[in-house]
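Text of protein25.tsv (TSV, C-alpha atoms) as supplied:
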```tsv
chain	number	residue	atom	x	y	z
R	62	MET	CA	17.45	12.20	-11.67
R	63	ASN	CA	15.06	12.20	-14.63
R	64	LEU	CA	14.62	8.48	-13.98
R	65	PHE	CA	12.67	9.38	-10.81
R	66	ASP	CA	10.68	12.28	-12.28
R	67	LEU	CA	6.91	11.70	-12.14
R	68	SER	CA	5.89	14.99	-13.73
R	69	GLY	CA	2.82	14.53	-15.90
R	70	LYS	CA	1.96	11.18	-14.29
R	71	VAL	CA	-1.38	10.43	-12.63
R	72	ALA	CA	-1.20	8.32	-9.47
R	73	VAL	CA	-4.21	6.65	-7.85
R	74	VAL	CA	-3.60	5.88	-4.17
R	75	THR	CA	-6.35	3.94	-2.40
R	76	GLY	CA	-6.66	4.85	1.25
R	77	GLY	CA	-4.25	7.74	0.75
R	78	THR	CA	-5.84	9.91	3.44
R	79	HIS	CA	-3.65	9.11	6.44
R	80	GLY	CA	-0.69	7.16	7.79
R	81	LEU	CA	1.57	5.27	5.42
R	82	GLY	CA	-0.76	5.75	2.44
R	83	MET	CA	-0.55	9.53	2.82
R	84	ALA	CA	3.24	9.38	3.23
R	85	MET	CA	3.61	7.45	-0.03
R	86	ALA	CA	1.11	9.66	-1.86
R	87	GLU	CA	2.97	12.75	-0.71
R	88	GLY	CA	6.21	11.22	-1.93
R	89	LEU	CA	4.71	10.63	-5.37
R	90	ALA	CA	3.33	14.18	-5.45
R	91	SER	CA	6.71	15.62	-4.43
R	92	ALA	CA	8.18	13.87	-7.49
R	93	GLY	CA	5.60	15.58	-9.69
R	94	ALA	CA	2.65	13.18	-9.82
R	95	GLU	CA	-0.97	14.31	-9.91
R	96	LEU	CA	-2.87	12.49	-7.16
R	97	ALA	CA	-6.23	10.73	-7.18
R	98	ILE	CA	-6.96	9.72	-3.60
R	99	THR	CA	-9.67	7.30	-2.46
R	100	SER	CA	-11.40	6.84	0.87
R	101	THR	CA	-14.62	5.51	2.38
R	102	THR	CA	-14.80	8.34	4.94
R	103	PRO	CA	-15.85	11.82	3.76
R	104	SER	CA	-14.21	13.71	6.64
R	105	LYS	CA	-10.87	11.95	6.19
R	106	LEU	CA	-10.94	12.59	2.46
R	107	ASP	CA	-11.67	16.30	2.97
R	108	GLU	CA	-8.89	16.67	5.55
R	109	ALA	CA	-6.39	14.87	3.34
R	110	LEU	CA	-7.21	16.97	0.29
R	111	GLU	CA	-6.89	20.14	2.36
R	112	TYR	CA	-3.42	18.97	3.45
R	113	TYR	CA	-2.27	18.08	-0.08
R	114	HIS	CA	-3.52	21.38	-1.46
R	115	SER	CA	-1.79	23.31	1.35
R	116	LYS	CA	1.46	21.75	0.15
R	117	GLY	CA	0.78	22.86	-3.40
R	118	TYR	CA	0.12	19.35	-4.73
R	119	SER	CA	-2.48	18.54	-7.37
R	120	ALA	CA	-4.94	16.14	-5.71
R	121	THR	CA	-8.52	15.02	-6.32
R	122	GLY	CA	-10.61	12.84	-4.00
R	123	TYR	CA	-12.91	9.91	-4.77
R	124	LEU	CA	-15.25	8.46	-2.17
R	125	PHE	CA	-15.92	4.74	-2.64
R	126	ASP	CA	-15.32	1.21	-1.35
R	127	VAL	CA	-12.69	-0.69	-3.35
R	128	THR	CA	-14.51	-3.97	-2.64
R	129	ASP	CA	-17.67	-2.80	-4.43
R	130	GLU	CA	-17.10	-3.81	-8.07
R	131	ARG	CA	-19.81	-1.60	-9.57
R	132	GLU	CA	-18.91	1.47	-7.54
R	133	ALA	CA	-15.18	0.98	-8.17
R	134	ALA	CA	-15.81	0.69	-11.92
R	135	GLN	CA	-17.82	3.91	-11.91
R	136	LYS	CA	-15.16	5.81	-9.98
R	137	VAL	CA	-12.28	4.51	-12.12
R	138	SER	CA	-14.23	5.67	-15.20
R	139	LEU	CA	-14.65	9.06	-13.52
R	140	MET	CA	-10.92	9.20	-12.77
R	141	LEU	CA	-10.12	8.52	-16.41
R	142	ALA	CA	-12.59	11.16	-17.56
R	143	THR	CA	-11.15	13.67	-15.09
R	144	HIS	CA	-7.43	12.99	-15.46
R	145	GLY	CA	-7.30	11.46	-18.92
R	146	LYS	CA	-5.19	8.49	-17.85
R	147	ILE	CA	-3.86	6.51	-14.90
R	148	ASP	CA	-0.12	5.87	-14.89
R	149	ILE	CA	0.32	4.57	-11.35
R	150	LEU	CA	-1.95	2.57	-9.04
R	151	VAL	CA	-1.03	2.12	-5.38
R	152	ASN	CA	-3.26	-0.48	-3.70
R	153	ASN	CA	-2.88	0.71	-0.13
R	154	ALA	CA	-6.39	0.53	1.38
R	155	GLY	CA	-6.58	-2.16	4.04
R	156	ILE	CA	-7.87	-3.25	7.43
R	157	ILE	CA	-6.75	-5.57	10.22
R	158	LYS	CA	-8.69	-7.42	12.88
R	159	ARG	CA	-6.60	-8.72	15.79
R	160	VAL	CA	-8.40	-11.85	16.96
R	161	PRO	CA	-7.05	-15.33	17.83
R	162	ALA	CA	-7.73	-17.82	15.03
R	163	LEU	CA	-10.01	-20.00	17.17
R	164	GLU	CA	-12.14	-17.01	18.14
R	165	MET	CA	-12.41	-15.24	14.79
R	166	ASP	CA	-15.80	-15.09	13.14
R	167	VAL	CA	-15.78	-16.33	9.56
R	168	ALA	CA	-17.55	-13.10	8.55
R	169	ASP	CA	-14.67	-11.04	9.96
R	170	PHE	CA	-12.12	-13.26	8.21
R	171	ARG	CA	-13.94	-12.76	4.91
R	172	LYS	CA	-14.12	-8.99	5.47
R	173	VAL	CA	-10.34	-8.70	5.88
R	174	ILE	CA	-9.72	-10.87	2.81
R	175	ASP	CA	-12.23	-8.78	0.86
R	176	VAL	CA	-10.61	-5.42	1.67
R	177	ASP	CA	-6.95	-6.45	1.74
R	178	LEU	CA	-6.88	-8.91	-1.18
R	179	THR	CA	-10.04	-8.77	-3.28
R	180	GLY	CA	-10.03	-4.96	-3.31
R	181	PRO	CA	-6.53	-4.77	-4.84
R	182	PHE	CA	-7.59	-7.37	-7.43
R	183	ILE	CA	-10.68	-5.35	-8.38
R	184	MET	CA	-8.71	-2.11	-8.69
R	185	SER	CA	-5.85	-3.77	-10.56
R	186	GLN	CA	-8.26	-5.38	-13.01
R	187	LEU	CA	-10.10	-2.11	-13.68
R	188	VAL	CA	-6.99	0.02	-14.01
R	189	GLY	CA	-5.03	-2.78	-15.69
R	190	LYS	CA	-7.42	-2.78	-18.65
R	191	HIS	CA	-6.63	0.89	-19.21
R	192	MET	CA	-2.88	0.34	-18.77
R	193	ILE	CA	-2.88	-2.54	-21.25
R	194	LYS	CA	-4.51	-0.31	-23.85
R	195	ARG	CA	-1.81	2.29	-23.27
R	196	GLN	CA	0.94	-0.37	-23.06
R	197	SER	CA	2.30	1.30	-19.96
R	198	GLY	CA	1.69	1.32	-16.23
R	199	LYS	CA	2.93	0.84	-12.69
R	200	ILE	CA	0.98	-1.05	-10.00
R	201	ILE	CA	2.27	-1.06	-6.43
R	202	ASN	CA	0.60	-3.36	-3.91
R	203	ILE	CA	1.15	-2.55	-0.25
R	204	CYS	CA	2.01	-5.89	1.28
R	205	SER	CA	3.39	-6.50	4.76
R	206	MET	CA	5.97	-8.47	6.68
R	207	MET	CA	2.97	-10.71	7.27
R	208	SER	CA	3.34	-11.57	3.58
R	209	GLU	CA	6.30	-13.64	4.82
R	210	LEU	CA	5.86	-14.20	8.56
R	211	GLY	CA	3.08	-15.25	10.89
R	212	ARG	CA	2.16	-13.58	14.16
R	213	ASP	CA	-0.37	-14.17	16.91
R	214	ASN	CA	-3.90	-12.88	16.35
R	215	VAL	CA	-3.57	-11.71	12.71
R	216	VAL	CA	-4.61	-14.86	10.83
R	217	ALA	CA	-6.91	-13.06	8.36
R	218	TYR	CA	-4.48	-10.20	7.75
R	219	ALA	CA	-1.53	-12.54	7.20
R	220	SER	CA	-3.61	-14.69	4.87
R	221	ALA	CA	-4.62	-11.64	2.85
R	222	LYS	CA	-1.12	-10.16	2.70
R	223	GLY	CA	0.37	-13.51	1.73
R	224	GLY	CA	-2.20	-13.68	-1.05
R	225	LEU	CA	-1.39	-10.11	-2.08
R	226	LYS	CA	2.25	-11.07	-2.53
R	227	MET	CA	1.22	-13.83	-4.94
R	228	LEU	CA	-1.32	-11.60	-6.68
R	229	THR	CA	1.58	-9.22	-7.30
R	230	LYS	CA	3.72	-11.95	-8.81
R	231	ASN	CA	0.93	-13.34	-10.96
R	232	LEU	CA	-0.17	-9.99	-12.37
R	233	ALA	CA	3.47	-9.24	-13.16
R	234	THR	CA	3.66	-12.56	-14.99
R	235	GLU	CA	0.55	-11.85	-17.08
R	236	TRP	CA	1.04	-8.15	-17.77
R	237	ALA	CA	4.81	-7.69	-18.15
R	238	LYS	CA	4.45	-8.11	-21.90
R	239	HIS	CA	2.30	-4.99	-21.91
R	240	ASN	CA	5.05	-2.87	-20.32
R	241	ILE	CA	3.29	-2.95	-16.96
R	242	GLN	CA	5.37	-3.41	-13.82
R	243	VAL	CA	3.58	-4.87	-10.80
R	244	ASN	CA	5.55	-4.80	-7.57
R	245	GLY	CA	4.92	-4.52	-3.86
R	246	ILE	CA	6.13	-2.70	-0.78
R	247	GLY	CA	6.23	-4.52	2.55
R	248	PRO	CA	6.41	-1.99	5.39
R	249	GLY	CA	7.92	-2.96	8.71
R	250	TYR	CA	6.81	-1.29	11.94
R	251	PHE	CA	6.23	2.43	11.55
R	252	ALA	CA	5.63	5.39	13.83
R	253	THR	CA	2.05	6.37	13.05
R	254	THR	CA	-0.89	7.64	15.08
R	255	GLN	CA	-2.06	4.02	15.35
R	256	THR	CA	1.16	2.87	17.01
R	257	GLU	CA	1.69	6.00	19.14
R	258	PRO	CA	0.13	4.53	22.34
R	259	ILE	CA	2.60	1.61	22.35
R	260	ARG	CA	5.70	3.53	21.23
R	261	VAL	CA	6.79	4.34	24.76
R	262	ASP	CA	9.79	3.10	26.72
R	263	GLY	CA	8.88	0.11	28.84
R	264	HIS	CA	5.95	-1.03	26.73
R	265	PRO	CA	6.61	-4.71	25.91
R	266	PHE	CA	5.79	-4.39	22.21
R	267	ASN	CA	7.85	-1.21	21.81
R	268	ASP	CA	10.81	-2.91	23.46
R	269	PHE	CA	10.30	-5.97	21.24
R	270	ILE	CA	10.30	-3.90	18.03
R	271	ILE	CA	13.37	-1.89	19.04
R	272	SER	CA	15.29	-5.05	19.92
R	273	ARG	CA	14.03	-7.02	16.89
R	274	THR	CA	14.90	-4.31	14.34
R	275	PRO	CA	18.61	-4.14	13.43
R	276	GLU	CA	18.33	-0.37	13.00
R	277	GLY	CA	16.99	-0.18	16.55
R	278	ARG	CA	14.05	2.10	15.81
R	279	TRP	CA	10.54	2.35	14.38
R	280	GLY	CA	10.32	3.47	10.78
R	281	ASN	CA	9.19	6.99	9.96
R	282	PRO	CA	6.34	7.21	7.40
R	283	GLU	CA	8.52	9.29	5.08
R	284	ASP	CA	10.94	6.33	4.92
R	285	LEU	CA	8.46	4.76	2.47
R	286	ALA	CA	8.37	7.69	0.06
R	287	GLY	CA	11.59	6.83	-1.78
R	288	THR	CA	10.55	3.23	-2.40
R	289	ALA	CA	7.16	4.36	-3.73
R	290	ILE	CA	8.81	6.88	-6.06
R	291	PHE	CA	11.30	4.25	-7.24
R	292	LEU	CA	8.64	1.66	-8.07
R	293	ALA	CA	6.41	4.28	-9.72
R	294	SER	CA	9.17	5.70	-11.91
R	295	ASP	CA	11.27	4.70	-14.91
R	296	ALA	CA	14.07	3.83	-12.50
R	297	SER	CA	12.35	0.47	-11.92
R	298	LYS	CA	11.21	-0.26	-15.48
R	299	PHE	CA	12.80	-3.76	-15.59
R	300	ILE	CA	11.79	-4.76	-12.06
R	301	ASN	CA	8.67	-6.88	-11.98
R	302	GLY	CA	6.94	-9.17	-9.50
R	303	HIS	CA	9.07	-8.27	-6.47
R	304	ILE	CA	8.23	-7.15	-2.94
R	305	ILE	CA	10.59	-4.59	-1.41
R	306	TYR	CA	10.54	-4.85	2.38
R	307	VAL	CA	11.13	-1.51	4.08
R	308	ASP	CA	11.63	-2.88	7.56
R	309	GLY	CA	14.95	-1.70	8.99
R	310	GLY	CA	16.37	-5.18	8.47
R	311	ILE	CA	13.87	-7.26	10.47
R	312	LEU	CA	13.47	-9.94	7.81
R	313	ALA	CA	17.25	-10.18	7.39
R	314	THR	CA	17.88	-11.56	10.86
R	315	ILE	CA	16.66	-14.23	13.24
R	316	GLY	CA	17.07	-11.71	16.06
R	317	LYS	CA	19.26	-11.42	19.13
R	318	PRO	CA	19.52	-14.19	21.74
R	319	ALA	CA	17.76	-13.31	24.98
R	320	ASN	CA	21.04	-13.33	26.93
R	321	GLU	CA	22.73	-10.65	24.78
```

Rendering of file as structure tokens:
Amino acid sequence: MNLFDLSGKVAVVTGGTHGLGMAMAEGLASAGAELAITSTTPSKLDEALEYYHSKGYSATGYLFDVTDEREAAQKVSLMLATHGKIDILVNNAGIIKRVPALEMDVADFRKVIDVDLTGPFIMSQLVGKHMIKRQSGKIINICSMMSELGRDNVVAYASAKGGLKMLTKNLATEWAKHNIQVNGIGPGYFATTQTEPIRVDGHPFNDFIISRTPEGRWGNPEDLAGTAIFLASDASKFINGHIIYVDGGILATIGKPANE
């Protein structure tokens, strides 16, 4: 079990204030990691830190936008001054805009690309410099099934997440020689506060997800914790440039025929 022990490690989790980001951050903390959580919303950051501290976890908050190069550089420097090092970076912060491709404003497309793809690049570059000096590090990019599949009305998100998959592979290619592992997690459909309104029997999308997922259910946020711990720990020290899809088997199957 020592392979999965994160005691003494410092983990930066962008957007780790709610939902899947919080579930993964809590998983890392439960394995012993010291958390550095980022957000752009003061109230969410305060609430998240209160939760982590109530659980007895070591957690510090940093308020900034990962797409702002100057601000991100300042906050990463502050993290290093505060914690002394960064062992793990989880690029989780992201947004989605559900608009048909023909109706999407170019400005909105650029915004999604900026947050979901450029932000992880900026953070990886800043933290990667530190990891290269230490000749050690773990970077985990939170991809998506849209890194592999298209879907109506998510053209910007799918473009960004497809790019994030390739950013993961390319950083792994460049930095593996420095003992840095860069991998990704691709969540399937999870039971979060965002999906709560549609997770009811009879709702078309709920029925679609249940029938499309071999396990026949939505994922629970805590289902991601083990994968995050694995990729952040020594257990995955020779795994590099891969995306692990935590999706209940969706990507493994073409789905059931309508007449079944």

Can you list, as an mmCIF file with C-alpha atoms, keeping the file's coordinate frame, every protein, DNA or RNA residue that comes within 9 Å of Ile183 in chain R when you count all atoms listed in the file, leaving out same-chain residues fewer than 4 positions away?
```cif
data_model
loop_
_atom_site.group_PDB
_atom_site.id
_atom_site.type_symbol
_atom_site.label_atom_id
_atom_site.label_comp_id
_atom_site.auth_asym_id
_atom_site.auth_seq_id
_atom_site.Cartn_x
_atom_site.Cartn_y
_atom_site.Cartn_z
ATOM 1 C CA VAL R 127 -12.690 -0.690 -3.350
ATOM 2 C CA THR R 128 -14.510 -3.970 -2.640
ATOM 3 C CA ASP R 129 -17.670 -2.800 -4.430
ATOM 4 C CA GLU R 130 -17.100 -3.810 -8.070
ATOM 5 C CA ALA R 133 -15.180 0.980 -8.170
ATOM 6 C CA ALA R 134 -15.810 0.690 -11.920
ATOM 7 C CA LEU R 178 -6.880 -8.910 -1.180
ATOM 8 C CA THR R 179 -10.040 -8.770 -3.280
ATOM 9 C CA LEU R 187 -10.100 -2.110 -13.680
ATOM 10 C CA VAL R 188 -6.990 0.020 -14.010
#
```

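Across the model, the gap from CA of Lys226 in chain R to CA of Ile271 in chain R is 25.9 Å.
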
Using CA of Val307 in chain R and CA of Tyr123 in chain R as the two end points, give the distance in Å to one decimal.
28.0 Å

Report as JSON, numbers by chain all protein, DNA and RNA residues lying within 8 Å of range 153-164 of chain R, evaluated on only C-alpha atoms, omitting residues in the same chain fewer than 3 positions from it.
{"R": [74, 75, 76, 77, 82, 127, 169, 173, 176, 177, 202, 203, 213, 214, 215, 216, 217, 218]}

For CA of Gly245 in chain R and CA of Asn267 in chain R, determine how far apart the two atoms are, in Å to one decimal place.
26.0 Å

Once you count all atoms listed in the file, which residues end up no further than 7 Å from (8.9, 7.0, -9.4) in the file's frame, shown as a PyMOL selection string?
chain R and resi 65-67+89+289-296

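Every protein, DNA or RNA residue with an atom at most 9 Å from Val73 in chain R, where all atoms listed in the file count and chain neighbours fewer than 5 positions away do not, is listed here: Ala86, Glu95, Leu96, Ala97, Ile98, Thr99, Met140, Ile147, Asp148, Ile149, Leu150, Val151 and Asn152 of chain R.
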
Closest to Gly310 in chain R among R:Arg273, R:Lys298, R:Arg195, R:Lys222, using all atoms listed in the file?
R:Arg273

8 Å contact set for range 101-105 of chain R, only C-alpha atoms, chain neighbours under 5 positions out, as a PyMOL selection string
chain R and resi 78-79+124-126

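If all atoms listed in the file are the atoms counted, then among R:Thr288, R:Thr274, R:Ser100, R:Ser208 the closest residue to Ala84 in chain R is R:Thr288.
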
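With only C-alpha atoms as the atoms that count, the residue of R:Gly117, R:Gln135, R:Phe182, R:Val71 with the shortest distance to Asn231 in chain R is R:Phe182.
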